[in-house]
>>> print(open('model_7.pdb').read())   # PDB, C-alpha atoms
ATOM      1  CA  MET A   1      61.736  11.243  63.100
ATOM      2  CA  ALA A   2      59.913  11.367  59.795
ATOM      3  CA  ALA A   3      57.152   9.170  61.169
ATOM      4  CA  LYS A   4      56.566  11.570  64.052
ATOM      5  CA  LEU A   5      56.407  14.540  61.698
ATOM      6  CA  LEU A   6      53.920  12.684  59.554
ATOM      7  CA  THR A   7      51.717  11.977  62.551
ATOM      8  CA  THR A   8      51.840  15.619  63.631
ATOM      9  CA  ALA A   9      51.061  16.757  60.094
ATOM     10  CA  LYS A  10      48.148  14.344  59.933
ATOM     11  CA  THR A  11      46.794  15.640  63.244
ATOM     12  CA  PHE A  12      47.019  19.232  62.060
ATOM     13  CA  ILE A  13      45.302  18.434  58.776
ATOM     14  CA  GLY A  14      42.688  16.459  60.670
ATOM     15  CA  PHE A  15      41.908  19.337  62.997
ATOM     16  CA  GLY A  16      41.953  21.792  60.115
ATOM     17  CA  CYS A  17      39.436  19.737  58.158
ATOM     18  CA  ALA A  18      37.250  19.220  61.212
ATOM     19  CA  GLY A  19      37.331  22.975  61.726
ATOM     20  CA  LEU A  20      36.293  23.632  58.132
ATOM     21  CA  LEU A  21      33.485  21.099  58.346
ATOM     22  CA  PHE A  22      32.266  22.772  61.519
ATOM     23  CA  TYR A  23      32.523  26.237  59.969
ATOM     24  CA  ASP A  24      30.591  25.225  56.852
ATOM     25  CA  ASN A  25      27.856  23.204  58.496
ATOM     26  CA  ILE A  26      27.430  24.087  62.162
ATOM     27  CA  GLY A  27      28.206  27.779  62.538
ATOM     28  CA  CYS A  28      30.789  30.465  63.079
ATOM     29  CA  VAL A  29      31.577  33.622  65.005
ATOM     30  CA  LEU A  30      31.444  36.935  63.187
ATOM     31  CA  THR A  31      32.052  40.557  64.159
ATOM     32  CA  VAL A  32      29.295  43.127  63.904
ATOM     33  CA  ARG A  33      30.004  46.050  61.590
ATOM     34  CA  GLY A  34      27.755  48.807  60.336
ATOM     35  CA  GLN A  35      24.881  50.653  61.929
ATOM     36  CA  SER A  36      21.980  49.013  60.192
ATOM     37  CA  MET A  37      20.973  46.638  62.978
ATOM     38  CA  LYS A  38      21.108  49.040  65.931
ATOM     39  CA  PRO A  39      20.128  48.797  68.725
ATOM     40  CA  THR A  40      19.845  44.995  68.450
ATOM     41  CA  LEU A  41      23.410  44.609  67.247
ATOM     42  CA  ASN A  42      25.922  47.428  67.428
ATOM     43  CA  PRO A  43      29.263  48.028  65.787
ATOM     44  CA  GLY A  44      31.399  48.917  68.725
ATOM     45  CA  PRO A  45      34.677  50.668  69.402
ATOM     46  CA  THR A  46      37.383  50.480  66.747
ATOM     47  CA  ARG A  47      39.479  47.957  68.668
ATOM     48  CA  ALA A  48      38.509  44.687  67.012
ATOM     49  CA  LEU A  49      38.762  42.658  70.228
ATOM     50  CA  LEU A  50      36.076  44.752  71.890
ATOM     51  CA  ARG A  51      33.563  44.670  69.028
ATOM     52  CA  GLU A  52      30.332  42.786  69.373
ATOM     53  CA  LYS A  53      30.605  39.208  68.226
ATOM     54  CA  ILE A  54      27.741  37.022  67.174
ATOM     55  CA  TRP A  55      27.263  33.312  66.829
ATOM     56  CA  VAL A  56      25.887  32.513  63.398
ATOM     57  CA  ARG A  57      23.950  29.282  63.220
ATOM     58  CA  LYS A  58      24.171  27.408  59.953
ATOM     59  CA  PHE A  59      23.050  23.930  60.934
ATOM     60  CA  LEU A  60      19.768  22.939  59.284
ATOM     61  CA  TYR A  61      18.739  26.548  58.960
ATOM     62  CA  THR A  62      15.731  27.835  56.997
ATOM     63  CA  PRO A  63      14.855  31.511  57.247
ATOM     64  CA  SER A  64      11.712  32.586  59.093
ATOM     65  CA  VAL A  65      10.184  35.993  59.662
ATOM     66  CA  GLY A  66      11.843  37.853  62.512
ATOM     67  CA  ASP A  67      15.216  36.149  62.136
ATOM     68  CA  VAL A  68      18.325  38.265  61.748
ATOM     69  CA  VAL A  69      20.227  36.655  58.895
ATOM     70  CA  VAL A  70      23.759  36.915  57.561
ATOM     71  CA  PHE A  71      23.995  36.725  53.792
ATOM     72  CA  ARG A  72      26.277  37.412  50.831
ATOM     73  CA  SER A  73      25.645  40.993  49.786
ATOM     74  CA  PRO A  74      23.802  41.379  46.459
ATOM     75  CA  LYS A  75      25.816  44.530  45.886
ATOM     76  CA  HIS A  76      29.299  43.313  46.838
ATOM     77  CA  GLY A  77      30.045  39.788  45.665
ATOM     78  CA  GLN A  78      32.416  38.967  48.485
ATOM     79  CA  ARG A  79      31.070  40.891  51.472
ATOM     80  CA  LEU A  80      28.614  39.651  54.045
ATOM     81  CA  ALA A  81      25.632  41.686  55.158
ATOM     82  CA  MET A  82      23.189  41.286  58.046
ATOM     83  CA  LYS A  83      19.516  42.260  58.145
ATOM     84  CA  ARG A  84      16.214  41.073  59.531
ATOM     85  CA  VAL A  85      13.828  38.856  57.585
ATOM     86  CA  VAL A  86      10.530  40.686  57.281
ATOM     87  CA  GLY A  87       8.841  38.387  54.778
ATOM     88  CA  VAL A  88       9.318  34.875  53.444
ATOM     89  CA  GLU A  89       7.872  33.224  50.362
ATOM     90  CA  ASN A  90       4.290  34.108  49.543
ATOM     91  CA  ASP A  91       4.165  36.831  52.200
ATOM     92  CA  VAL A  92       2.847  40.240  51.203
ATOM     93  CA  VAL A  93       5.309  42.887  52.358
ATOM     94  CA  THR A  94       4.982  46.662  52.498
ATOM     95  CA  PRO A  95       8.462  48.091  51.865
ATOM     96  CA  SER A  96       9.420  50.502  54.640
ATOM     97  CA  LYS A  97      11.137  52.838  52.166
ATOM     98  CA  GLY A  98      11.042  53.565  48.500
ATOM     99  CA  ALA A  99       8.411  52.033  46.273
ATOM    100  CA  GLU A 100       4.749  52.439  47.081
ATOM    101  CA  GLY A 101       2.409  49.514  47.392
ATOM    102  CA  THR A 102       3.087  45.968  48.412
ATOM    103  CA  VAL A 103       5.389  43.220  47.238
ATOM    104  CA  THR A 104       4.598  39.518  47.208
ATOM    105  CA  VAL A 105       7.694  37.524  48.017
ATOM    106  CA  LYS A 106       8.508  34.898  45.372
ATOM    107  CA  PRO A 107       9.177  31.286  46.378
ATOM    108  CA  GLY A 108      12.863  30.847  47.145
ATOM    109  CA  TYR A 109      13.270  34.485  48.198
ATOM    110  CA  VAL A 110      12.958  36.621  51.340
ATOM    111  CA  TRP A 111      12.500  40.325  52.072
ATOM    112  CA  VAL A 112      15.068  41.774  54.442
ATOM    113  CA  GLU A 113      15.150  45.136  56.156
ATOM    114  CA  ALA A 114      17.458  46.987  58.510
ATOM    115  CA  ASP A 115      16.279  47.466  62.109
ATOM    116  CA  ASN A 116      17.758  50.958  62.144
ATOM    117  CA  CYS A 117      15.718  52.946  59.624
ATOM    118  CA  GLU A 118      18.041  55.956  59.901
ATOM    119  CA  SER A 119      21.091  54.044  58.696
ATOM    120  CA  ASN A 120      22.121  54.089  55.075
ATOM    121  CA  GLY A 121      22.239  50.315  55.215
ATOM    122  CA  ARG A 122      21.121  48.737  52.000
ATOM    123  CA  ASP A 123      18.338  46.240  52.229
ATOM    124  CA  SER A 124      15.481  44.856  50.149
ATOM    125  CA  ASN A 125      14.082  48.389  49.863
ATOM    126  CA  GLU A 126      17.063  49.063  47.620
ATOM    127  CA  TYR A 127      17.966  45.784  45.951
ATOM    128  CA  GLY A 128      14.671  43.904  46.064
ATOM    129  CA  GLN A 129      14.030  40.349  47.170
ATOM    130  CA  LEU A 130      16.949  38.288  48.404
ATOM    131  CA  HIS A 131      17.448  34.721  47.126
ATOM    132  CA  VAL A 132      17.576  32.243  50.030
ATOM    133  CA  LYS A 133      20.786  30.673  48.762
ATOM    134  CA  MET A 134      22.602  33.935  49.480
ATOM    135  CA  ILE A 135      21.856  33.423  53.158
ATOM    136  CA  VAL A 136      24.746  31.969  55.111
ATOM    137  CA  GLY A 137      23.066  31.579  58.501
ATOM    138  CA  LYS A 138      21.090  33.118  61.317
ATOM    139  CA  ALA A 139      22.588  35.561  63.810
ATOM    140  CA  ALA A 140      21.443  33.527  66.775
ATOM    141  CA  TRP A 141      23.360  34.781  69.795
ATOM    142  CA  LEU A 142      25.298  37.831  70.803
ATOM    143  CA  ILE A 143      28.293  36.268  72.519
ATOM    144  CA  TRP A 144      30.534  39.241  73.311
ATOM    145  CA  PRO A 145      30.614  41.450  75.351
ATOM    146  CA  ARG A 146      27.415  39.985  76.814
ATOM    147  CA  PHE A 147      25.326  36.921  76.158
ATOM    148  CA  LYS A 148      21.996  37.733  74.578
ATOM    149  CA  LYS A 149      19.663  35.871  72.291
ATOM    150  CA  VAL A 150      19.179  37.803  69.041
TER     151      VAL A 150
ATOM    152  CA  MET B   1      23.609 -11.334  71.219
ATOM    153  CA  SER B   2      24.612  -7.754  71.974
ATOM    154  CA  LYS B   3      27.989  -8.963  73.276
ATOM    155  CA  ARG B   4      28.817 -10.294  69.825
ATOM    156  CA  ILE B   5      27.832  -6.996  68.259
ATOM    157  CA  LEU B   6      30.072  -5.124  70.722
ATOM    158  CA  GLU B   7      32.966  -7.459  69.915
ATOM    159  CA  TRP B   8      32.438  -6.910  66.202
ATOM    160  CA  LEU B   9      32.322  -3.141  66.656
ATOM    161  CA  ASN B  10      35.570  -3.166  68.618
ATOM    162  CA  LYS B  11      37.291  -5.241  65.968
ATOM    163  CA  SER B  12      36.122  -3.049  63.102
ATOM    164  CA  ARG B  13      37.036   0.213  64.843
ATOM    165  CA  PRO B  14      40.000   0.996  62.595
ATOM    166  CA  VAL B  15      37.966   0.254  59.484
ATOM    167  CA  ILE B  16      35.073   2.382  60.709
ATOM    168  CA  LYS B  17      37.510   5.159  61.559
ATOM    169  CA  GLN B  18      38.994   5.019  58.074
ATOM    170  CA  ALA B  19      35.572   4.959  56.440
ATOM    171  CA  VAL B  20      34.421   8.000  58.413
ATOM    172  CA  THR B  21      37.630   9.898  57.634
ATOM    173  CA  ILE B  22      37.362   9.118  53.930
ATOM    174  CA  SER B  23      33.683  10.123  53.738
ATOM    175  CA  LEU B  24      34.164  13.379  55.632
ATOM    176  CA  GLY B  25      37.271  14.131  53.577
ATOM    177  CA  THR B  26      35.396  13.521  50.338
ATOM    178  CA  TYR B  27      32.504  15.664  51.528
ATOM    179  CA  LEU B  28      34.858  18.509  52.359
ATOM    180  CA  PHE B  29      36.613  18.159  49.002
ATOM    181  CA  THR B  30      33.416  18.151  46.962
ATOM    182  CA  SER B  31      32.000  21.113  48.847
ATOM    183  CA  ARG B  32      35.104  23.298  48.697
ATOM    184  CA  VAL B  33      37.460  22.215  45.912
ATOM    185  CA  LEU B  34      35.965  20.318  42.996
ATOM    186  CA  THR B  35      32.560  18.864  42.332
ATOM    187  CA  THR B  36      30.509  17.637  39.386
ATOM    188  CA  ALA B  37      27.344  18.879  37.735
ATOM    189  CA  THR B  38      24.915  17.242  35.343
ATOM    190  CA  VAL B  39      23.490  19.012  32.324
ATOM    191  CA  THR B  40      19.749  18.478  32.114
ATOM    192  CA  GLY B  41      18.458  21.176  29.775
ATOM    193  CA  PRO B  42      19.018  22.407  26.220
ATOM    194  CA  SER B  43      20.211  25.905  27.131
ATOM    195  CA  MET B  44      23.953  25.301  26.697
ATOM    196  CA  ALA B  45      23.859  23.349  23.427
ATOM    197  CA  PRO B  46      26.057  22.682  21.538
ATOM    198  CA  THR B  47      28.738  23.357  24.153
ATOM    199  CA  TYR B  48      27.162  21.076  26.736
ATOM    200  CA  ASN B  49      24.333  18.769  25.768
ATOM    201  CA  ALA B  50      21.814  16.983  27.893
ATOM    202  CA  SER B  51      21.525  13.546  26.414
ATOM    203  CA  SER B  52      20.077  10.214  27.412
ATOM    204  CA  SER B  53      23.492   9.067  28.625
ATOM    205  CA  THR B  54      25.133  10.784  31.581
ATOM    206  CA  SER B  55      26.679  14.140  30.930
ATOM    207  CA  LEU B  56      29.029  15.255  33.667
ATOM    208  CA  LEU B  57      30.864  18.545  34.068
ATOM    209  CA  LEU B  58      33.763  19.279  36.390
ATOM    210  CA  VAL B  59      33.205  22.326  38.600
ATOM    211  CA  ASP B  60      35.932  24.428  40.196
ATOM    212  CA  LEU B  61      34.782  25.777  43.554
ATOM    213  CA  VAL B  62      38.017  27.504  44.484
ATOM    214  CA  THR B  63      38.195  30.439  42.063
ATOM    215  CA  PRO B  64      36.769  33.501  43.848
ATOM    216  CA  VAL B  65      33.706  34.980  42.257
ATOM    217  CA  THR B  66      35.477  38.300  41.646
ATOM    218  CA  SER B  67      38.017  36.598  39.355
ATOM    219  CA  LEU B  68      35.354  35.395  36.944
ATOM    220  CA  VAL B  69      35.265  37.015  33.509
ATOM    221  CA  PRO B  70      32.818  37.117  30.620
ATOM    222  CA  GLY B  71      33.156  33.858  28.724
ATOM    223  CA  ASP B  72      33.346  31.708  31.844
ATOM    224  CA  VAL B  73      30.653  29.087  32.162
ATOM    225  CA  VAL B  74      29.384  28.846  35.718
ATOM    226  CA  LEU B  75      27.270  26.669  37.964
ATOM    227  CA  VAL B  76      24.747  29.018  39.549
ATOM    228  CA  HIS B  77      21.818  28.609  41.930
ATOM    229  CA  ASP B  78      18.610  28.831  39.922
ATOM    230  CA  PRO B  79      17.318  32.412  40.375
ATOM    231  CA  GLU B  80      13.782  31.243  39.702
ATOM    232  CA  GLU B  81      13.623  28.572  42.386
ATOM    233  CA  ALA B  82      14.753  27.871  45.933
ATOM    234  CA  ASP B  83      16.698  24.733  44.995
ATOM    235  CA  GLY B  84      18.310  23.618  41.784
ATOM    236  CA  PHE B  85      21.215  24.829  39.720
ATOM    237  CA  ASN B  86      21.730  26.228  36.262
ATOM    238  CA  VAL B  87      24.741  26.088  33.978
ATOM    239  CA  LYS B  88      25.154  29.352  32.067
ATOM    240  CA  ARG B  89      27.822  31.533  30.517
ATOM    241  CA  ILE B  90      28.763  34.945  31.930
ATOM    242  CA  THR B  91      28.332  37.415  29.078
ATOM    243  CA  ALA B  92      28.763  40.641  31.063
ATOM    244  CA  LEU B  93      29.920  41.867  34.459
ATOM    245  CA  ALA B  94      28.828  44.827  36.589
ATOM    246  CA  GLY B  95      29.164  48.080  34.719
ATOM    247  CA  GLN B  96      29.210  46.462  31.294
ATOM    248  CA  PHE B  97      26.383  46.890  28.811
ATOM    249  CA  VAL B  98      24.172  44.216  27.346
ATOM    250  CA  GLU B  99      21.634  44.340  24.549
ATOM    251  CA  HIS B 100      18.359  45.251  26.097
ATOM    252  CA  ASP B 101      15.863  42.699  24.945
ATOM    253  CA  PRO B 102      12.729  44.685  24.049
ATOM    254  CA  GLN B 103      10.597  41.774  25.207
ATOM    255  CA  LEU B 104      11.707  42.299  28.785
ATOM    256  CA  SER B 105       9.784  44.879  30.804
ATOM    257  CA  GLY B 106       9.515  46.067  34.393
ATOM    258  CA  PRO B 107      10.626  49.054  36.469
ATOM    259  CA  TYR B 108      13.890  47.521  37.728
ATOM    260  CA  LEU B 109      15.367  47.162  34.260
ATOM    261  CA  GLU B 110      14.058  50.473  32.950
ATOM    262  CA  GLU B 111      15.888  52.529  35.553
ATOM    263  CA  HIS B 112      19.221  51.312  34.166
ATOM    264  CA  LEU B 113      18.363  51.897  30.531
ATOM    265  CA  TYR B 114      21.042  53.858  28.736
ATOM    266  CA  GLU B 115      20.690  54.583  25.035
ATOM    267  CA  GLY B 116      18.804  51.369  24.479
ATOM    268  CA  LYS B 117      21.395  49.266  26.262
ATOM    269  CA  TYR B 118      21.161  47.892  29.795
ATOM    270  CA  SER B 119      23.996  48.324  32.288
ATOM    271  CA  VAL B 120      24.594  45.432  34.666
ATOM    272  CA  PRO B 121      24.329  46.723  38.284
ATOM    273  CA  THR B 122      27.132  46.380  40.863
ATOM    274  CA  GLY B 123      27.571  43.015  42.511
ATOM    275  CA  CYS B 124      25.798  41.230  39.657
ATOM    276  CA  CYS B 125      26.568  39.578  36.358
ATOM    277  CA  TRP B 126      24.637  38.779  33.190
ATOM    278  CA  LEU B 127      24.181  35.123  32.311
ATOM    279  CA  GLU B 128      23.131  33.648  28.990
ATOM    280  CA  GLY B 129      22.876  30.127  27.649
ATOM    281  CA  ASP B 130      24.851  29.329  24.492
ATOM    282  CA  ASN B 131      21.645  28.061  22.906
ATOM    283  CA  ARG B 132      20.118  31.546  22.775
ATOM    284  CA  ALA B 133      16.951  30.408  21.066
ATOM    285  CA  ASN B 134      16.152  27.923  23.828
ATOM    286  CA  SER B 135      17.508  29.305  27.081
ATOM    287  CA  THR B 136      15.892  30.875  30.126
ATOM    288  CA  ASP B 137      18.573  33.253  31.344
ATOM    289  CA  SER B 138      19.265  36.861  32.361
ATOM    290  CA  ARG B 139      17.237  38.022  29.368
ATOM    291  CA  LYS B 140      14.277  36.709  31.318
ATOM    292  CA  PHE B 141      15.240  36.793  35.007
ATOM    293  CA  GLY B 142      17.545  39.807  34.926
ATOM    294  CA  PRO B 143      21.048  40.243  36.325
ATOM    295  CA  VAL B 144      22.212  37.621  38.825
ATOM    296  CA  PRO B 145      24.064  38.526  42.057
ATOM    297  CA  LEU B 146      27.582  37.075  42.128
ATOM    298  CA  GLY B 147      26.794  35.480  45.485
ATOM    299  CA  LEU B 148      24.554  32.940  43.732
ATOM    300  CA  ILE B 149      27.406  31.556  41.673
ATOM    301  CA  ARG B 150      28.596  28.228  43.042
ATOM    302  CA  GLY B 151      31.609  27.575  40.822
ATOM    303  CA  ARG B 152      33.201  27.649  37.396
ATOM    304  CA  ILE B 153      32.829  24.834  34.873
ATOM    305  CA  LEU B 154      36.252  23.475  33.986
ATOM    306  CA  CYS B 155      35.540  20.766  31.455
ATOM    307  CA  LYS B 156      33.320  17.893  30.453
ATOM    308  CA  LEU B 157      34.046  14.646  32.221
ATOM    309  CA  ILE B 158      31.587  12.390  30.458
ATOM    310  CA  GLY B 159      29.250  13.108  27.607
ATOM    311  CA  SER B 160      29.214  14.800  24.248
TER     312      SER B 160
END
>>> encode(input="model_7.pdb", output="structure tokens")
Amino acid sequence: MAAKLLTTAKTFIGFGCAGLLFYDNIGCVLTVRGQSMKPTLNPGPTRALLREKIWVRKFLYTPSVGDVVVFRSPKHGQRLAMKRVVGVENDVVTPSKGAEGTVTVKPGYVWVEADNCESNGRDSNEYGQLHVKMIVGKAAWLIWPRFKKV
Amino acid sequence: MSKRILEWLNKSRPVIKQAVTISLGTYLFTSRVLTTATVTGPSMAPTYNASSSTSLLLVDLVTPVTSLVPGDVVLVHDPEEADGFNVKRITALAGQFVEHDPQLSGPYLEEHLYEGKYSVPTGCCWLEGDNRANSTDSRKFGPVPLGLIRGRILCKLIGS
């Protein structure tokens, strides 16, 4: 009896750990919130099951220009944010809002901007360059309610 | 020749299975629960010293970043590089004031100036090395977003 419980417990722990390893290193599914990436990615109706879901790729990912990335928000320690990479290291970027002139992206940083310029989404125009280690992964695929490459 | 290899593989299956489980388990543990860090610079002397012998610190990865308080020593991604870590002490959190070092300049800091003192913006913290005379920290690179903090230093494992 005890032996069977132990085996079941071991299986559960095993699957749990495998799941965590997958989540940390391969990727995960997240729900789109906020207006800042419209019309590419849209927050949908309030019912969570119907909201747009994306597949975030984490495996061997380095940011490149044009990618939509998910990252830890520089303004809220525990929240995730999602914007598009407009410049990577050594690129010269012209901020779409705010400061005049150009910005040269430092090594180890990227410049991110919202697709939807009318949203009050915060991006590099507000908080400056984003350190690459804040980036969790790339929003690679829209998986619900349709399949679409992001 | 290959038949012998196949036989050997079959025989060692349980051992291989155990080895894989142990390695993946260790990897998961050191990436989510506890890990170690080595001190390589002078910025945290005399609390933590880089010396010729190994100096190892134990890092807690579990404590959420919002539970950290001034006084905590943290392992943080180096804000001046893509890779690499720093070990520094949190001296202020968002909303708290720090001495504005008159040697620092630049528009980002000036907009938060308040009666000669600088207020740490939301989502960030202020890091300083204990060895203030010989430490590159927030006084140079500004406030650090909490998202760059990897974990909290618990204690010294090896070293002086």
>>> residues_around(input="model_7.pdb", residues="Ser135 (chain B)", least_positions_apart="3", cutoff="12 Å", atoms="all atoms listed in the file", output="MDAnalysis selection string")
chainID B and resid 41:45 86:89 127:132 138:141
>>> residues_around(input="model_7.pdb", residues="region 153-157 of chain B", least_positions_apart="5", cutoff="10 Å", atoms="only C-alpha atoms", output="number ranges by chain")
B: 34-38, 47-48, 54-61, 72-75, 87-89
>>> interface_residues(input="model_7.pdb", of="chain B", to="chain A", cutoff="12 Å", atoms="all atoms listed in the file", output="PDB file with C-alpha atoms, keeping the file's coordinate frame")
ATOM      1  CA  VAL B  20      34.421   8.000  58.413  1.00  0.00           C
ATOM      2  CA  THR B  21      37.630   9.898  57.634  1.00  0.00           C
ATOM      3  CA  ILE B  22      37.362   9.118  53.930  1.00  0.00           C
ATOM      4  CA  SER B  23      33.683  10.123  53.738  1.00  0.00           C
ATOM      5  CA  LEU B  24      34.164  13.379  55.632  1.00  0.00           C
ATOM      6  CA  GLY B  25      37.271  14.131  53.577  1.00  0.00           C
ATOM      7  CA  THR B  26      35.396  13.521  50.338  1.00  0.00           C
ATOM      8  CA  TYR B  27      32.504  15.664  51.528  1.00  0.00           C
ATOM      9  CA  LEU B  28      34.858  18.509  52.359  1.00  0.00           C
ATOM     10  CA  PHE B  29      36.613  18.159  49.002  1.00  0.00           C
ATOM     11  CA  THR B  30      33.416  18.151  46.962  1.00  0.00           C
ATOM     12  CA  SER B  31      32.000  21.113  48.847  1.00  0.00           C
ATOM     13  CA  ARG B  32      35.104  23.298  48.697  1.00  0.00           C
ATOM     14  CA  PRO B  64      36.769  33.501  43.848  1.00  0.00           C
ATOM     15  CA  VAL B  65      33.706  34.980  42.257  1.00  0.00           C
ATOM     16  CA  THR B  66      35.477  38.300  41.646  1.00  0.00           C
ATOM     17  CA  SER B  67      38.017  36.598  39.355  1.00  0.00           C
ATOM     18  CA  LEU B  68      35.354  35.395  36.944  1.00  0.00           C
ATOM     19  CA  VAL B  76      24.747  29.018  39.549  1.00  0.00           C
ATOM     20  CA  HIS B  77      21.818  28.609  41.930  1.00  0.00           C
ATOM     21  CA  ASP B  78      18.610  28.831  39.922  1.00  0.00           C
ATOM     22  CA  PRO B  79      17.318  32.412  40.375  1.00  0.00           C
ATOM     23  CA  GLU B  80      13.782  31.243  39.702  1.00  0.00           C
ATOM     24  CA  GLU B  81      13.623  28.572  42.386  1.00  0.00           C
ATOM     25  CA  ALA B  82      14.753  27.871  45.933  1.00  0.00           C
ATOM     26  CA  ASP B  83      16.698  24.733  44.995  1.00  0.00           C
ATOM     27  CA  GLY B  84      18.310  23.618  41.784  1.00  0.00           C
ATOM     28  CA  PHE B  85      21.215  24.829  39.720  1.00  0.00           C
ATOM     29  CA  LEU B  93      29.920  41.867  34.459  1.00  0.00           C
ATOM     30  CA  ALA B  94      28.828  44.827  36.589  1.00  0.00           C
ATOM     31  CA  PRO B 107      10.626  49.054  36.469  1.00  0.00           C
ATOM     32  CA  TYR B 108      13.890  47.521  37.728  1.00  0.00           C
ATOM     33  CA  VAL B 120      24.594  45.432  34.666  1.00  0.00           C
ATOM     34  CA  PRO B 121      24.329  46.723  38.284  1.00  0.00           C
ATOM     35  CA  THR B 122      27.132  46.380  40.863  1.00  0.00           C
ATOM     36  CA  GLY B 123      27.571  43.015  42.511  1.00  0.00           C
ATOM     37  CA  CYS B 124      25.798  41.230  39.657  1.00  0.00           C
ATOM     38  CA  CYS B 125      26.568  39.578  36.358  1.00  0.00           C
ATOM     39  CA  PRO B 143      21.048  40.243  36.325  1.00  0.00           C
ATOM     40  CA  VAL B 144      22.212  37.621  38.825  1.00  0.00           C
ATOM     41  CA  PRO B 145      24.064  38.526  42.057  1.00  0.00           C
ATOM     42  CA  LEU B 146      27.582  37.075  42.128  1.00  0.00           C
ATOM     43  CA  GLY B 147      26.794  35.480  45.485  1.00  0.00           C
ATOM     44  CA  LEU B 148      24.554  32.940  43.732  1.00  0.00           C
ATOM     45  CA  ILE B 149      27.406  31.556  41.673  1.00  0.00           C
ATOM     46  CA  ARG B 150      28.596  28.228  43.042  1.00  0.00           C
TER      47      ARG B 150
END
>>> resolve_selection(input="model_7.pdb", expression="the PyMOL selection byres ((chain A and resi 149) around 10)", output="PDB file with C-alpha atoms, in the frame of the given file")
ATOM      1  CA  THR A  40      19.845  44.995  68.450  1.00  0.00           C
ATOM      2  CA  ILE A  54      27.741  37.022  67.174  1.00  0.00           C
ATOM      3  CA  TRP A  55      27.263  33.312  66.829  1.00  0.00           C
ATOM      4  CA  ALA A 139      22.588  35.561  63.810  1.00  0.00           C
ATOM      5  CA  ALA A 140      21.443  33.527  66.775  1.00  0.00           C
ATOM      6  CA  TRP A 141      23.360  34.781  69.795  1.00  0.00           C
ATOM      7  CA  LEU A 142      25.298  37.831  70.803  1.00  0.00           C
ATOM      8  CA  ILE A 143      28.293  36.268  72.519  1.00  0.00           C
ATOM      9  CA  ARG A 146      27.415  39.985  76.814  1.00  0.00           C
ATOM     10  CA  PHE A 147      25.326  36.921  76.158  1.00  0.00           C
ATOM     11  CA  LYS A 148      21.996  37.733  74.578  1.00  0.00           C
ATOM     12  CA  VAL A 150      19.179  37.803  69.041  1.00  0.00           C
TER      13      VAL A 150
END
>>> resolve_selection(input="model_7.pdb", expression="the PyMOL selection byres ((chain A and resi 92) around 6)", output="PDB file with C-alpha atoms, keeping the file's coordinate frame")
ATOM      1  CA  ASP A  91       4.165  36.831  52.200  1.00  0.00           C
ATOM      2  CA  VAL A  93       5.309  42.887  52.358  1.00  0.00           C
ATOM      3  CA  VAL A 103       5.389  43.220  47.238  1.00  0.00           C
ATOM      4  CA  THR A 104       4.598  39.518  47.208  1.00  0.00           C
TER       5      THR A 104
END
>>> axis_aligned_box(input="model_7.pdb", around="region 115-119 of chain A", padding_each_side="4 Å", output="JSON")
{"center_x": 18.4, "center_y": 51.7, "center_z": 60.4, "size_x": 13.4, "size_y": 16.5, "size_z": 11.4}
>>> closest_residue(input="model_7.pdb", among="B:Lys17, B:Lys117, B:Lys11, B:Lys3", to="Glu99 (chain B)", atoms="only C-alpha atoms")
B:Lys117
>>> atom_distance(input="model_7.pdb", atom1="CA of Val88 (chain A)", atom2="CA of Asp67 (chain A)")
10.6 Å
>>> closest_residue(input="model_7.pdb", among="A:Tyr23, A:Val86, A:Val29, A:Asn125", to="Glu100 (chain A)", atoms="only C-alpha atoms")
A:Asn125
>>> atom_distance(input="model_7.pdb", atom1="CA of Val69 (chain B)", atom2="CA of Ala92 (chain B)")
7.8 Å
>>> residues_around(input="model_7.pdb", residues="Tyr61 (chain A)", least_positions_apart="5", cutoff="10 Å", atoms="all atoms listed in the file", output="ChimeraX atom specification")
/A:25-26,135-138
>>> atom_distance(input="model_7.pdb", atom1="CA of Gly121 (chain A)", atom2="CA of Lys58 (chain A)")
23.5 Å
>>> residues_near_point(input="model_7.pdb", point="(15.8, 42.2, 57.2)", cutoff="7 Å", atoms="all atoms listed in the file", output="number ranges by chain")
A: 68, 83-86, 111-114, 123
>>> closest_residue(input="model_7.pdb", among="B:Ala50, B:Leu9, B:Val98, B:Met1", to="Pro70 (chain B)", atoms="only C-alpha atoms")
B:Val98
>>> closest_residue(input="model_7.pdb", among="A:Phe12, A:Gly34, A:Arg122, A:Val70", to="Lys97 (chain A)", atoms="all atoms listed in the file")
A:Arg122
>>> closest_residue(input="model_7.pdb", among="A:Thr8, A:Ser119, A:Pro43, A:Phe59", to="Phe22 (chain A)", atoms="all atoms listed in the file")
A:Phe59
